[in-house]
file entry-v6.txt (compact mmCIF, C-alpha atoms)
# COMPACT_ATOMS: atom_id res chain seq x y z
CA MET C 34 -16.23 -32.59 8.40
CA GLN C 35 -14.66 -29.91 6.19
CA GLN C 36 -16.54 -26.62 6.10
CA PRO C 37 -17.37 -25.12 2.69
CA PRO C 38 -15.43 -21.96 1.78
CA LEU C 39 -17.06 -18.71 2.76
CA ALA C 40 -18.92 -16.96 -0.03
CA LEU C 41 -17.32 -13.76 -1.21
CA ALA C 42 -19.08 -10.46 -0.73
CA PRO C 43 -20.44 -8.93 -3.97
CA GLU C 44 -17.63 -6.35 -4.15
CA GLN C 45 -15.03 -9.15 -3.84
CA GLN C 46 -16.27 -11.34 -6.70
CA HIS C 47 -13.85 -9.92 -9.29
CA TRP C 48 -10.88 -9.09 -7.09
CA LYS C 49 -8.34 -11.17 -9.05
CA ARG C 50 -9.29 -9.63 -12.39
CA ASN C 51 -9.27 -6.16 -10.83
CA LEU C 52 -5.83 -6.83 -9.33
CA CYS C 53 -4.40 -7.66 -12.78
CA VAL C 54 -5.87 -4.49 -14.29
CA CYS C 55 -4.59 -2.36 -11.40
CA VAL C 56 -1.07 -3.81 -11.58
CA LEU C 57 -0.77 -3.17 -15.33
CA GLY C 58 -2.33 0.29 -15.06
CA SER C 59 -0.16 1.30 -12.10
CA PHE C 60 2.96 0.04 -13.85
CA SER C 61 2.28 2.09 -16.98
CA THR C 62 1.42 5.30 -15.13
CA ILE C 63 4.47 5.06 -12.83
CA VAL C 64 6.64 4.52 -15.91
CA ALA C 65 5.13 7.72 -17.31
CA MET C 66 5.89 9.70 -14.13
CA THR C 67 9.53 8.56 -13.95
CA LEU C 68 10.27 8.29 -17.67
CA LEU C 69 11.61 11.82 -18.06
CA LEU C 70 14.27 11.61 -15.33
CA PRO C 71 17.24 10.86 -17.64
CA PHE C 72 16.37 13.46 -20.28
CA LEU C 73 14.53 16.17 -18.32
CA PRO C 74 17.42 18.69 -18.47
CA LEU C 75 17.76 18.07 -22.21
CA TYR C 76 14.07 18.76 -22.75
CA VAL C 77 14.28 21.96 -20.71
CA GLN C 78 17.19 22.98 -22.91
CA GLN C 79 15.13 22.24 -26.03
CA LEU C 80 12.44 24.56 -24.66
CA GLY C 81 14.86 27.50 -24.83
CA VAL C 82 16.73 27.52 -21.49
CA GLN C 83 20.49 27.67 -22.01
CA GLU C 84 22.08 28.78 -18.70
CA PRO C 85 23.11 25.68 -16.66
CA ALA C 86 21.80 27.08 -13.36
CA ALA C 87 18.44 27.91 -14.97
CA ILE C 88 18.25 24.43 -16.51
CA ALA C 89 18.77 22.91 -13.06
CA ARG C 90 16.09 25.13 -11.50
CA TRP C 91 13.48 24.43 -14.17
CA SER C 92 14.28 20.70 -14.13
CA GLY C 93 13.87 20.53 -10.37
CA ALA C 94 10.62 22.46 -10.49
CA ALA C 95 9.23 20.27 -13.27
CA TYR C 96 10.18 17.04 -11.51
CA GLY C 97 8.80 18.05 -8.11
CA ALA C 98 5.62 19.61 -9.47
CA THR C 99 3.89 16.29 -10.09
CA PHE C 100 4.58 14.96 -6.60
CA LEU C 101 3.51 18.23 -4.97
CA SER C 102 0.10 18.33 -6.64
CA ALA C 103 -0.37 14.58 -6.16
CA ALA C 104 0.34 14.86 -2.43
CA LEU C 105 -2.14 17.72 -2.02
CA THR C 106 -4.97 16.03 -3.93
CA ALA C 107 -4.60 12.38 -2.82
CA PRO C 108 -6.97 12.71 0.19
CA LEU C 109 -9.58 14.43 -2.01
CA TRP C 110 -9.53 11.67 -4.62
CA GLY C 111 -9.70 9.05 -1.86
CA LYS C 112 -12.75 10.70 -0.34
CA LEU C 113 -14.45 10.98 -3.73
CA ALA C 114 -13.66 7.30 -4.36
CA ASP C 115 -15.53 6.38 -1.17
CA ARG C 116 -18.50 8.46 -2.28
CA TYR C 117 -18.76 7.90 -6.04
CA GLY C 118 -16.83 4.71 -6.72
CA ARG C 119 -13.20 3.65 -6.97
CA LYS C 120 -13.41 2.55 -10.58
CA LEU C 121 -14.54 6.05 -11.57
CA MET C 122 -11.45 7.54 -9.93
CA LEU C 123 -9.18 5.13 -11.83
CA ILE C 124 -10.87 6.02 -15.11
CA ARG C 125 -10.34 9.71 -14.31
CA ALA C 126 -6.70 9.16 -13.36
CA SER C 127 -5.76 7.08 -16.43
CA LEU C 128 -7.51 9.38 -18.90
CA GLY C 129 -6.08 12.47 -17.16
CA MET C 130 -2.54 11.07 -17.24
CA ALA C 131 -2.86 10.09 -20.92
CA ILE C 132 -3.92 13.63 -21.82
CA ALA C 133 -1.29 15.28 -19.60
CA MET C 134 1.59 13.18 -20.96
CA SER C 135 0.55 13.88 -24.55
CA LEU C 136 0.37 17.61 -23.83
CA ILE C 137 3.82 17.59 -22.21
CA GLY C 138 5.15 16.43 -25.57
CA MET C 139 3.67 19.60 -27.11
CA ALA C 140 5.15 22.11 -24.61
CA THR C 141 6.93 25.11 -26.13
CA ALA C 142 8.17 26.86 -22.96
CA PRO C 143 9.59 25.69 -19.61
CA TRP C 144 6.69 27.18 -17.63
CA GLN C 145 4.31 25.07 -19.71
CA LEU C 146 6.32 21.95 -18.79
CA VAL C 147 6.02 22.77 -15.07
CA ALA C 148 2.30 23.57 -15.40
CA LEU C 149 1.63 20.31 -17.25
CA ARG C 150 3.58 18.31 -14.69
CA LEU C 151 1.40 19.93 -12.01
CA LEU C 152 -1.63 18.89 -14.06
CA ALA C 153 -0.32 15.33 -14.31
CA GLY C 154 -0.12 15.11 -10.52
CA LEU C 155 -3.51 16.74 -10.10
CA LEU C 156 -5.31 14.47 -12.57
CA GLY C 157 -3.24 11.36 -11.90
CA GLY C 158 -3.05 9.15 -8.85
CA TYR C 159 -3.73 5.84 -10.58
CA ALA C 160 -1.34 3.87 -8.37
CA SER C 161 -2.77 5.27 -5.13
CA GLY C 162 -6.30 4.74 -6.45
CA SER C 163 -5.42 1.15 -7.31
CA THR C 164 -4.13 0.62 -3.79
CA ILE C 165 -7.45 1.84 -2.41
CA LEU C 166 -9.50 -0.40 -4.72
CA VAL C 167 -7.38 -3.52 -4.11
CA ALA C 168 -7.36 -2.95 -0.34
CA ALA C 169 -11.15 -2.48 -0.28
CA GLN C 170 -12.15 -5.33 -2.60
CA THR C 171 -9.71 -8.11 -1.73
CA PRO C 172 -10.78 -10.69 0.89
CA LYS C 173 -9.06 -9.90 4.18
CA GLU C 174 -7.12 -13.17 4.25
CA GLN C 175 -5.55 -12.29 0.87
CA THR C 176 -5.01 -8.56 1.42
CA GLY C 177 -1.27 -8.67 2.17
CA TRP C 178 -0.46 -10.84 -0.86
CA ALA C 179 -2.58 -8.77 -3.26
CA LEU C 180 -1.11 -5.49 -2.04
CA GLY C 181 2.36 -7.03 -2.31
CA VAL C 182 1.76 -7.94 -5.96
CA LEU C 183 0.50 -4.41 -6.63
CA SER C 184 3.53 -2.95 -4.82
CA SER C 185 5.84 -5.04 -7.03
CA GLY C 186 4.14 -3.64 -10.14
CA ILE C 187 4.54 -0.08 -8.86
CA MET C 188 8.21 -0.64 -7.97
CA ALA C 189 8.84 -2.25 -11.35
CA GLY C 190 7.47 0.92 -12.96
CA ASN C 191 9.97 2.97 -10.95
CA VAL C 192 12.78 0.82 -12.35
CA VAL C 193 11.60 0.53 -15.97
CA GLY C 194 10.64 4.21 -16.33
CA PRO C 195 14.16 5.71 -16.12
CA LEU C 196 15.54 2.83 -18.23
CA LEU C 197 13.07 3.55 -21.03
CA GLY C 198 13.75 7.25 -20.60
CA GLY C 199 17.39 6.56 -21.43
CA VAL C 200 16.63 4.35 -24.45
CA LEU C 201 13.62 5.85 -26.25
CA PRO C 202 14.56 9.54 -26.84
CA PRO C 203 17.67 8.73 -28.93
CA LEU C 204 15.54 6.38 -31.04
CA ILE C 205 12.30 8.31 -31.56
CA GLY C 206 12.89 11.75 -30.03
CA ILE C 207 11.79 13.31 -26.74
CA ARG C 208 8.39 14.56 -27.92
CA HIS C 209 7.50 11.24 -29.53
CA THR C 210 8.49 9.51 -26.30
CA PHE C 211 5.84 11.49 -24.42
CA TRP C 212 3.23 10.78 -27.09
CA LEU C 213 4.00 7.06 -27.04
CA THR C 214 3.70 7.06 -23.25
CA GLY C 215 0.34 8.84 -23.49
CA ALA C 216 -0.87 6.17 -25.91
CA VAL C 217 0.18 3.36 -23.55
CA ILE C 218 -1.64 5.02 -20.65
CA PHE C 219 -4.70 5.39 -22.88
CA LEU C 220 -4.66 1.60 -23.25
CA ALA C 221 -4.68 1.39 -19.45
CA PHE C 222 -7.69 3.73 -19.51
CA LEU C 223 -9.51 1.36 -21.92
CA ALA C 224 -8.64 -1.68 -19.80
CA THR C 225 -9.87 0.07 -16.65
CA THR C 226 -13.09 1.14 -18.33
CA PHE C 227 -14.05 -2.20 -19.87
CA LEU C 228 -12.33 -4.89 -17.76
CA LEU C 229 -12.42 -3.61 -14.18
CA LYS C 230 -15.58 -4.55 -12.27
CA GLU C 231 -17.09 -2.73 -9.31
CA VAL C 232 -20.41 -3.21 -7.57
CA PRO C 233 -22.58 -0.07 -8.03
CA ARG C 234 -22.55 2.08 -4.92
CA SER C 235 -25.76 2.78 -3.08
CA SER C 236 -26.86 6.40 -3.21
CA GLY C 237 -28.66 6.39 0.11
CA LYS C 238 -27.50 8.59 2.97
CA LYS C 239 -25.99 7.22 6.12
CA THR C 240 -28.35 6.34 8.90
CA PRO C 241 -27.47 7.43 12.45
CA GLN C 242 -26.90 3.78 13.34
CA LYS C 243 -24.48 3.28 10.44
CA SER C 244 -22.60 6.45 11.34
CA ALA C 245 -22.25 5.22 14.92
CA ASP C 246 -20.95 1.85 13.70
CA ASP C 247 -18.43 3.58 11.46
CA ALA C 248 -17.13 5.69 14.33
CA LYS C 249 -16.88 2.61 16.55
CA SER C 250 -14.90 0.60 13.97
CA LEU C 251 -12.41 3.41 13.27
CA ASN C 252 -9.13 2.79 15.12
CA LEU C 253 -7.60 6.22 14.70
CA PRO C 254 -4.39 5.66 16.76
CA VAL C 255 -3.40 2.74 14.53
CA VAL C 256 -4.29 4.65 11.37
CA ARG C 257 -2.18 7.65 12.41
CA LEU C 258 0.70 5.34 13.32
CA MET C 259 0.50 3.77 9.85
CA TRP C 260 0.61 7.21 8.23
CA LEU C 261 3.82 7.91 10.15
CA SER C 262 5.26 4.46 9.39
CA GLY C 263 4.54 4.76 5.67
CA MET C 264 6.22 8.15 5.57
CA LEU C 265 9.31 6.85 7.39
CA LEU C 266 9.61 3.80 5.13
CA ILE C 267 9.86 6.03 2.07
CA PHE C 268 12.06 8.41 4.07
CA ALA C 269 14.54 5.64 4.87
CA ASN C 270 14.69 4.44 1.28
CA MET C 271 15.24 7.97 -0.10
CA SER C 272 17.60 9.38 2.54
CA ILE C 273 20.78 8.28 0.75
CA GLU C 274 19.71 9.60 -2.67
CA PRO C 275 21.64 12.92 -2.40
CA ILE C 276 24.85 11.28 -1.16
CA ILE C 277 24.96 7.96 -3.00
CA THR C 278 27.17 9.11 -5.89
CA LEU C 279 29.61 10.92 -3.60
CA TYR C 280 29.70 7.99 -1.19
CA ILE C 281 30.46 5.50 -3.95
CA GLY C 282 33.16 7.85 -5.23
CA GLN C 283 35.16 6.99 -2.09
CA PHE C 284 35.47 3.38 -3.28
CA VAL C 285 35.32 3.59 -7.10
CA ASN C 286 37.53 5.55 -9.51
CA GLY C 287 36.30 7.13 -12.73
CA ASP C 288 33.10 9.05 -13.42
CA HIS C 289 31.62 6.30 -15.60
CA ALA C 290 32.26 3.59 -13.02
CA ILE C 291 30.79 5.75 -10.27
CA THR C 292 27.62 6.41 -12.29
CA VAL C 293 27.16 2.75 -13.18
CA THR C 294 27.69 1.63 -9.59
CA ALA C 295 25.24 4.24 -8.27
CA GLY C 296 22.64 2.94 -10.72
CA LEU C 297 23.28 -0.62 -9.54
CA VAL C 298 22.85 0.42 -5.90
CA MET C 299 19.49 2.06 -6.60
CA ALA C 300 18.32 -0.79 -8.85
CA ALA C 301 19.35 -3.38 -6.25
CA ALA C 302 17.04 -1.91 -3.61
CA ALA C 303 14.15 -1.79 -6.09
CA LEU C 304 14.79 -5.36 -7.25
CA GLY C 305 14.81 -6.60 -3.67
CA SER C 306 11.43 -4.97 -3.04
CA ILE C 307 9.95 -6.41 -6.25
CA ILE C 308 10.99 -9.92 -5.25
CA SER C 309 9.95 -9.77 -1.59
CA ALA C 310 6.69 -7.79 -1.64
CA PRO C 311 4.28 -10.62 -2.60
CA ARG C 312 6.06 -13.15 -0.38
CA LEU C 313 6.13 -10.93 2.70
CA GLY C 314 2.52 -9.97 2.00
CA ARG C 315 1.48 -13.62 2.00
CA LEU C 316 3.48 -14.21 5.19
CA ALA C 317 1.74 -11.22 6.82
CA ASP C 318 -1.65 -12.70 5.91
CA ARG C 319 -0.68 -15.79 7.92
CA VAL C 320 1.17 -14.42 10.95
CA GLY C 321 -0.19 -10.87 11.18
CA HIS C 322 0.60 -7.64 9.37
CA GLY C 323 1.73 -5.88 12.55
CA ARG C 324 4.30 -8.55 13.36
CA VAL C 325 5.84 -8.48 9.87
CA LEU C 326 5.91 -4.67 9.97
CA VAL C 327 7.76 -4.53 13.30
CA TYR C 328 10.34 -7.16 12.37
CA GLY C 329 10.81 -5.59 8.94
CA LEU C 330 11.52 -2.20 10.52
CA ILE C 331 14.06 -3.82 12.86
CA ALA C 332 15.72 -5.53 9.87
CA CYS C 333 15.92 -2.19 8.03
CA ALA C 334 17.51 -0.53 11.05
CA LEU C 335 20.11 -3.30 11.42
CA LEU C 336 20.94 -3.32 7.70
CA LEU C 337 21.62 0.42 7.74
CA ILE C 338 24.50 -0.01 10.21
CA PRO C 339 26.92 -1.99 7.98
CA GLN C 340 26.13 0.37 5.07
CA ALA C 341 27.98 3.06 6.99
CA PHE C 342 31.14 0.90 7.28
CA ILE C 343 31.55 -0.72 3.85
CA ARG C 344 35.03 -1.18 2.37
CA GLU C 345 34.02 -1.99 -1.22
CA ALA C 346 31.21 -0.67 -3.43
CA TRP C 347 29.80 -4.15 -4.12
CA GLN C 348 29.05 -4.49 -0.41
CA LEU C 349 26.67 -1.54 -0.65
CA VAL C 350 24.92 -3.14 -3.62
CA VAL C 351 24.33 -6.33 -1.61
CA LEU C 352 23.20 -4.47 1.51
CA ARG C 353 20.79 -2.23 -0.44
CA PHE C 354 19.35 -5.35 -2.11
CA LEU C 355 18.75 -6.92 1.31
CA MET C 356 17.27 -3.68 2.61
CA GLY C 357 14.98 -3.56 -0.43
CA MET C 358 13.79 -7.06 0.44
CA ALA C 359 13.07 -5.95 4.01
CA LEU C 360 11.23 -2.83 2.83
CA GLY C 361 9.28 -4.54 0.05
CA GLY C 362 6.55 -6.12 2.11
CA LEU C 363 6.21 -3.35 4.67
CA MET C 364 4.19 -0.86 2.67
CA PRO C 365 1.53 -3.52 1.89
CA CYS C 366 1.43 -4.22 5.64
CA VAL C 367 0.88 -0.52 6.35
CA THR C 368 -1.95 -0.40 3.81
CA ALA C 369 -3.52 -3.61 5.12
CA LEU C 370 -3.45 -2.36 8.73
CA ILE C 371 -5.16 0.87 7.68
CA ARG C 372 -7.73 -1.13 5.71
CA HIS C 373 -8.49 -3.34 8.72
CA SER C 374 -8.69 -0.36 11.09
CA VAL C 375 -11.30 1.74 9.27
CA PRO C 376 -14.88 1.16 8.13
CA GLN C 377 -15.48 0.38 4.46
CA SER C 378 -16.95 3.82 3.87
CA GLN C 379 -13.69 5.57 4.88
CA VAL C 380 -11.07 3.35 3.22
CA GLY C 381 -10.40 5.75 0.36
CA LYS C 382 -10.09 8.86 2.51
CA MET C 383 -7.73 7.27 5.04
CA LEU C 384 -5.53 5.69 2.38
CA GLY C 385 -5.47 9.03 0.56
CA TYR C 386 -3.95 10.65 3.64
CA SER C 387 -1.49 7.75 3.79
CA THR C 388 -0.43 8.50 0.20
CA SER C 389 0.13 12.16 1.09
CA ALA C 390 2.26 11.11 4.06
CA GLN C 391 4.40 8.94 1.77
CA TYR C 392 4.98 11.88 -0.55
CA VAL C 393 6.19 13.81 2.51
CA GLY C 394 8.72 11.04 3.08
CA GLN C 395 9.77 11.17 -0.56
CA VAL C 396 10.58 14.87 -0.21
CA SER C 397 11.95 14.94 3.36
CA GLY C 398 14.17 11.86 2.99
CA PRO C 399 16.56 13.40 0.43
CA LEU C 400 16.49 16.74 2.29
CA PHE C 401 17.45 15.00 5.53
CA GLY C 402 20.20 12.99 3.86
CA GLY C 403 21.60 16.05 2.14
CA PHE C 404 21.61 18.10 5.35
CA ILE C 405 23.22 15.40 7.52
CA GLY C 406 25.73 14.52 4.80
CA GLY C 407 26.72 18.14 4.32
CA ALA C 408 27.01 18.91 8.02
CA PHE C 409 28.49 15.71 9.48
CA GLY C 410 29.64 13.50 6.60
CA MET C 411 28.07 10.68 4.63
CA ARG C 412 28.43 7.78 7.04
CA PRO C 413 26.30 9.49 9.73
CA VAL C 414 23.38 9.58 7.25
CA PHE C 415 23.05 5.81 7.55
CA MET C 416 23.34 5.85 11.33
CA ALA C 417 20.80 8.66 11.76
CA THR C 418 18.33 6.85 9.49
CA CYS C 419 18.97 3.66 11.51
CA VAL C 420 17.97 5.44 14.73
CA ILE C 421 14.76 6.71 13.11
CA MET C 422 13.83 3.22 11.86
CA ALA C 423 14.53 1.70 15.29
CA LEU C 424 12.31 4.27 17.02
CA CYS C 425 9.55 3.60 14.49
CA ALA C 426 9.82 -0.15 15.17
CA LEU C 427 9.61 0.46 18.92
CA LEU C 428 6.56 2.70 18.54
CA ASN C 429 4.81 0.15 16.32
CA ALA C 430 5.58 -2.67 18.75
CA ARG C 431 4.05 -0.75 21.66
CA VAL C 432 0.92 0.45 19.88
CA LEU C 433 0.17 -2.75 17.95
CA ARG C 434 0.70 -4.90 21.03
CA LYS C 435 -2.14 -3.01 22.72
CA ARG C 436 -4.28 -3.46 19.60
call {"tool": "encode", "arguments": {"input": "entry-v6.txt", "output": "structure tokens"}}
result
Amino acid sequence: MQQPPLALAPEQQHWKRNLCVCVLGSFSTIVAMTLLLPFLPLYVQQLGVQEPAAIARWSGAAYGATFLSAALTAPLWGKLADRYGRKLMLIRASLGMAIAMSLIGMATAPWQLVALRLLAGLLGGYASGSTILVAAQTPKEQTGWALGVLSSGIMAGNVVGPLLGGVLPPLIGIRHTFWLTGAVIFLAFLATTFLLKEVPRSSGKKTPQKSADDAKSLNLPVVRLMWLSGMLLIFANMSIEPIITLYIGQFVNGDHAITVTAGLVMAAAALGSIISAPRLGRLADRVGHGRVLVYGLIACALLLIPQAFIREAWQLVVLRFLMGMALGGLMPCVTALIRHSVPQSQVGKMLGYSTSAQYVGQVSGPLFGGFIGGAFGMRPVFMATCVIMALCALLNARVLRKR
């Protein structure tokens, strides 16, 4: 006799609707964060900076400011989400980003641009907040798939943002581009406010028994391993960023051809992740998130080896696409393993630390690639990253086998 399906917990009743809202909101806010990449130096120049070296310094400071403040505040927002509600944090993030982006379009000096980018990172965090909400509210047997869909939306934002940043400013101007982006994020704020559903949180204090249960259900070794794994996944994806154009220049002639090919290489990895994330997430729900994570790390390590020995630029495009497919489902696995290793009351805080660790990978990956490439050449960058991925796979296999 077939058993009836298990009833969903109250906080899981609206998980599909919430997932749609979070995907759209995360996509729009990530587009806003990456939109200015193609025209950032031009905007700095419009703000009165003329010396090329100064333009580069202000551009770098403005770009990194958002990620710095976001990394520092992610654990705080996660902890507040556990205490006061995850929907409230998404409302704060979307409204804060809408205001910050609109103000960036009104900047009159480069220091104001940097300060407002810091503010955007401080007030933002919609994508990380969405990850926390989806991980907490989705039924466990659907967690990998839901996080994979959300990851695809976030990655799509990383692709579309720079593309729009190259198209919109010539059509409507740089300042109007920021204002339009702020308006789109404001729509995400309205959707979050009126469409996203969350069960009201109880205001009662923890009982000693509940605190003891929380401590018992917290698997800190696995959580810490997932922080490290998440950081290294971003690290591996970003390590070739400083050398990609120079590396392609060994196989392609002409500045225009080199630039186009470099864009294809970066887009190929993102496209692979967009395609694979929901599928690998669903597979992980069936066979286990730890197993998919370990085999995905091994696949990444193996795919890095031929990247160091390509003979034609198109080979790198194909290999980065395959590596993007391998990477795509791994971050949802990391998030799902953290979610399943902590009590409900600590999901936000632990995933907030995971977000900060990923920002560390986003910064350290390019630094590592630039240092190795400058000291030993470009091919060793791929081999060194391969060794790091292989060690991470080995560590995950040992720890998760015990679990």
call {"tool": "residues_near_point", "arguments": {"input": "entry-v6.txt", "point": "(11.1, 1.9, -14.2)", "cutoff": "12 Å", "atoms": "only C-alpha atoms", "output": "JSON list (two decimals) with C-alpha atoms, in the frame of the given file"}}
result
[["chain", "number", "residue", "atom", "x", "y", "z"],
["C", 59, "SER", "CA", -0.16, 1.30, -12.10],
["C", 60, "PHE", "CA", 2.96, 0.04, -13.85],
["C", 61, "SER", "CA", 2.28, 2.09, -16.98],
["C", 62, "THR", "CA", 1.42, 5.30, -15.13],
["C", 63, "ILE", "CA", 4.47, 5.06, -12.83],
["C", 64, "VAL", "CA", 6.64, 4.52, -15.91],
["C", 65, "ALA", "CA", 5.13, 7.72, -17.31],
["C", 66, "MET", "CA", 5.89, 9.70, -14.13],
["C", 67, "THR", "CA", 9.53, 8.56, -13.95],
["C", 68, "LEU", "CA", 10.27, 8.29, -17.67],
["C", 69, "LEU", "CA", 11.61, 11.82, -18.06],
["C", 70, "LEU", "CA", 14.27, 11.61, -15.33],
["C", 71, "PRO", "CA", 17.24, 10.86, -17.64],
["C", 185, "SER", "CA", 5.84, -5.04, -7.03],
["C", 186, "GLY", "CA", 4.14, -3.64, -10.14],
["C", 187, "ILE", "CA", 4.54, -0.08, -8.86],
["C", 188, "MET", "CA", 8.21, -0.64, -7.97],
["C", 189, "ALA", "CA", 8.84, -2.25, -11.35],
["C", 190, "GLY", "CA", 7.47, 0.92, -12.96],
["C", 191, "ASN", "CA", 9.97, 2.97, -10.95],
["C", 192, "VAL", "CA", 12.78, 0.82, -12.35],
["C", 193, "VAL", "CA", 11.60, 0.53, -15.97],
["C", 194, "GLY", "CA", 10.64, 4.21, -16.33],
["C", 195, "PRO", "CA", 14.16, 5.71, -16.12],
["C", 196, "LEU", "CA", 15.54, 2.83, -18.23],
["C", 197, "LEU", "CA", 13.07, 3.55, -21.03],
["C", 198, "GLY", "CA", 13.75, 7.25, -20.60],
["C", 199, "GLY", "CA", 17.39, 6.56, -21.43],
["C", 200, "VAL", "CA", 16.63, 4.35, -24.45],
["C", 299, "MET", "CA", 19.49, 2.06, -6.60],
["C", 300, "ALA", "CA", 18.32, -0.79, -8.85],
["C", 303, "ALA", "CA", 14.15, -1.79, -6.09],
["C", 304, "LEU", "CA", 14.79, -5.36, -7.25],
["C", 307, "ILE", "CA", 9.95, -6.41, -6.25]]
call {"tool": "residues_around", "arguments": {"input": "entry-v6.txt", "residues": "Leu229 (chain C)", "least_positions_apart": "3", "cutoff": "8 Å", "atoms": "only C-alpha atoms", "output": "PyMOL selection string"}}
result
chain C and resi 50-51+54+120+224-226
call {"tool": "residues_around", "arguments": {"input": "entry-v6.txt", "residues": "Gly381 (chain C)", "least_positions_apart": "5", "cutoff": "9 Å", "atoms": "all atoms listed in the file", "output": "PDB file with C-alpha atoms, in the frame of the given file"}}
result
ATOM      1  CA  PRO C 108      -6.970  12.710   0.190  1.00  0.00           C
ATOM      2  CA  TRP C 110      -9.530  11.670  -4.620  1.00  0.00           C
ATOM      3  CA  GLY C 111      -9.700   9.050  -1.860  1.00  0.00           C
ATOM      4  CA  LYS C 112     -12.750  10.700  -0.340  1.00  0.00           C
ATOM      5  CA  LEU C 113     -14.450  10.980  -3.730  1.00  0.00           C
ATOM      6  CA  ALA C 114     -13.660   7.300  -4.360  1.00  0.00           C
ATOM      7  CA  ASP C 115     -15.530   6.380  -1.170  1.00  0.00           C
ATOM      8  CA  ARG C 116     -18.500   8.460  -2.280  1.00  0.00           C
ATOM      9  CA  ARG C 119     -13.200   3.650  -6.970  1.00  0.00           C
ATOM     10  CA  GLY C 162      -6.300   4.740  -6.450  1.00  0.00           C
ATOM     11  CA  ILE C 165      -7.450   1.840  -2.410  1.00  0.00           C
ATOM     12  CA  LEU C 166      -9.500  -0.400  -4.720  1.00  0.00           C
ATOM     13  CA  ALA C 169     -11.150  -2.480  -0.280  1.00  0.00           C
ATOM     14  CA  TYR C 386      -3.950  10.650   3.640  1.00  0.00           C
TER      15      TYR C 386
END
call {"tool": "atom_distance", "arguments": {"input": "entry-v6.txt", "atom1": "CA of Gly329 (chain C)", "atom2": "CA of Cys419 (chain C)"}}
result
12.6 Å
call {"tool": "residues_around", "arguments": {"input": "entry-v6.txt", "residues": "Val182 (chain C)", "least_positions_apart": "2", "cutoff": "10 Å", "atoms": "all atoms listed in the file", "output": "PDB file with C-alpha atoms, in the frame of the given file"}}
result
ATOM      1  CA  LEU C  52      -5.830  -6.830  -9.330  1.00  0.00           C
ATOM      2  CA  CYS C  53      -4.400  -7.660 -12.780  1.00  0.00           C
ATOM      3  CA  VAL C  56      -1.070  -3.810 -11.580  1.00  0.00           C
ATOM      4  CA  GLY C 177      -1.270  -8.670   2.170  1.00  0.00           C
ATOM      5  CA  TRP C 178      -0.460 -10.840  -0.860  1.00  0.00           C
ATOM      6  CA  ALA C 179      -2.580  -8.770  -3.260  1.00  0.00           C
ATOM      7  CA  LEU C 180      -1.110  -5.490  -2.040  1.00  0.00           C
ATOM      8  CA  SER C 184       3.530  -2.950  -4.820  1.00  0.00           C
ATOM      9  CA  SER C 185       5.840  -5.040  -7.030  1.00  0.00           C
ATOM     10  CA  GLY C 186       4.140  -3.640 -10.140  1.00  0.00           C
ATOM     11  CA  ILE C 187       4.540  -0.080  -8.860  1.00  0.00           C
ATOM     12  CA  MET C 188       8.210  -0.640  -7.970  1.00  0.00           C
ATOM     13  CA  ILE C 307       9.950  -6.410  -6.250  1.00  0.00           C
ATOM     14  CA  ILE C 308      10.990  -9.920  -5.250  1.00  0.00           C
ATOM     15  CA  SER C 309       9.950  -9.770  -1.590  1.00  0.00           C
ATOM     16  CA  ALA C 310       6.690  -7.790  -1.640  1.00  0.00           C
ATOM     17  CA  PRO C 311       4.280 -10.620  -2.600  1.00  0.00           C
ATOM     18  CA  ARG C 312       6.060 -13.150  -0.380  1.00  0.00           C
ATOM     19  CA  GLY C 314       2.520  -9.970   2.000  1.00  0.00           C
ATOM     20  CA  ARG C 315       1.480 -13.620   2.000  1.00  0.00           C
ATOM     21  CA  GLY C 362       6.550  -6.120   2.110  1.00  0.00           C
ATOM     22  CA  PRO C 365       1.530  -3.520   1.890  1.00  0.00           C
TER      23      PRO C 365
END
call {"tool": "closest_residue", "arguments": {"input": "entry-v6.txt", "among": "C:Thr294, C:Gln78, C:Ser378, C:Thr214", "to": "Arg90 (chain C)", "atoms": "all atoms listed in the file"}}
result
C:Gln78
call {"tool": "atom_distance", "arguments": {"input": "entry-v6.txt", "atom1": "CA of Leu349 (chain C)", "atom2": "CA of Ala334 (chain C)"}}
result
14.9 Å
call {"tool": "residues_around", "arguments": {"input": "entry-v6.txt", "residues": "region 136-142 of chain C", "least_positions_apart": "4", "cutoff": "12 Å", "atoms": "all atoms listed in the file", "output": "PyMOL selection string"}}
result
chain C and resi 65-66+69+73+76-82+91+95+129-132+146-153+202+206-216
call {"tool": "atom_distance", "arguments": {"input": "entry-v6.txt", "atom1": "CA of Glu231 (chain C)", "atom2": "CA of Gln175 (chain C)"}}
result
18.1 Å
call {"tool": "residues_around", "arguments": {"input": "entry-v6.txt", "residues": "Ala423 (chain C)", "least_positions_apart": "4", "cutoff": "12 Å", "atoms": "only C-alpha atoms", "output": "short mmCIF file (atom, residue, chain, number, x, y, z; two decimals) with C-alpha atoms, in the frame of the given file"}}
result
data_model
loop_
_atom_site.label_atom_id
_atom_site.label_comp_id
_atom_site.auth_asym_id
_atom_site.auth_seq_id
_atom_site.Cartn_x
_atom_site.Cartn_y
_atom_site.Cartn_z
CA SER C 262 5.26 4.46 9.39
CA LEU C 265 9.31 6.85 7.39
CA LEU C 266 9.61 3.80 5.13
CA ALA C 269 14.54 5.64 4.87
CA LEU C 326 5.91 -4.67 9.97
CA VAL C 327 7.76 -4.53 13.30
CA TYR C 328 10.34 -7.16 12.37
CA GLY C 329 10.81 -5.59 8.94
CA LEU C 330 11.52 -2.20 10.52
CA ILE C 331 14.06 -3.82 12.86
CA ALA C 332 15.72 -5.53 9.87
CA CYS C 333 15.92 -2.19 8.03
CA ALA C 334 17.51 -0.53 11.05
CA LEU C 335 20.11 -3.30 11.42
CA LEU C 336 20.94 -3.32 7.70
CA LEU C 337 21.62 0.42 7.74
CA ILE C 338 24.50 -0.01 10.21
CA MET C 416 23.34 5.85 11.33
CA ALA C 417 20.80 8.66 11.76
CA THR C 418 18.33 6.85 9.49
CA CYS C 419 18.97 3.66 11.51
CA LEU C 427 9.61 0.46 18.92
CA LEU C 428 6.56 2.70 18.54
CA ASN C 429 4.81 0.15 16.32
CA ALA C 430 5.58 -2.67 18.75
#
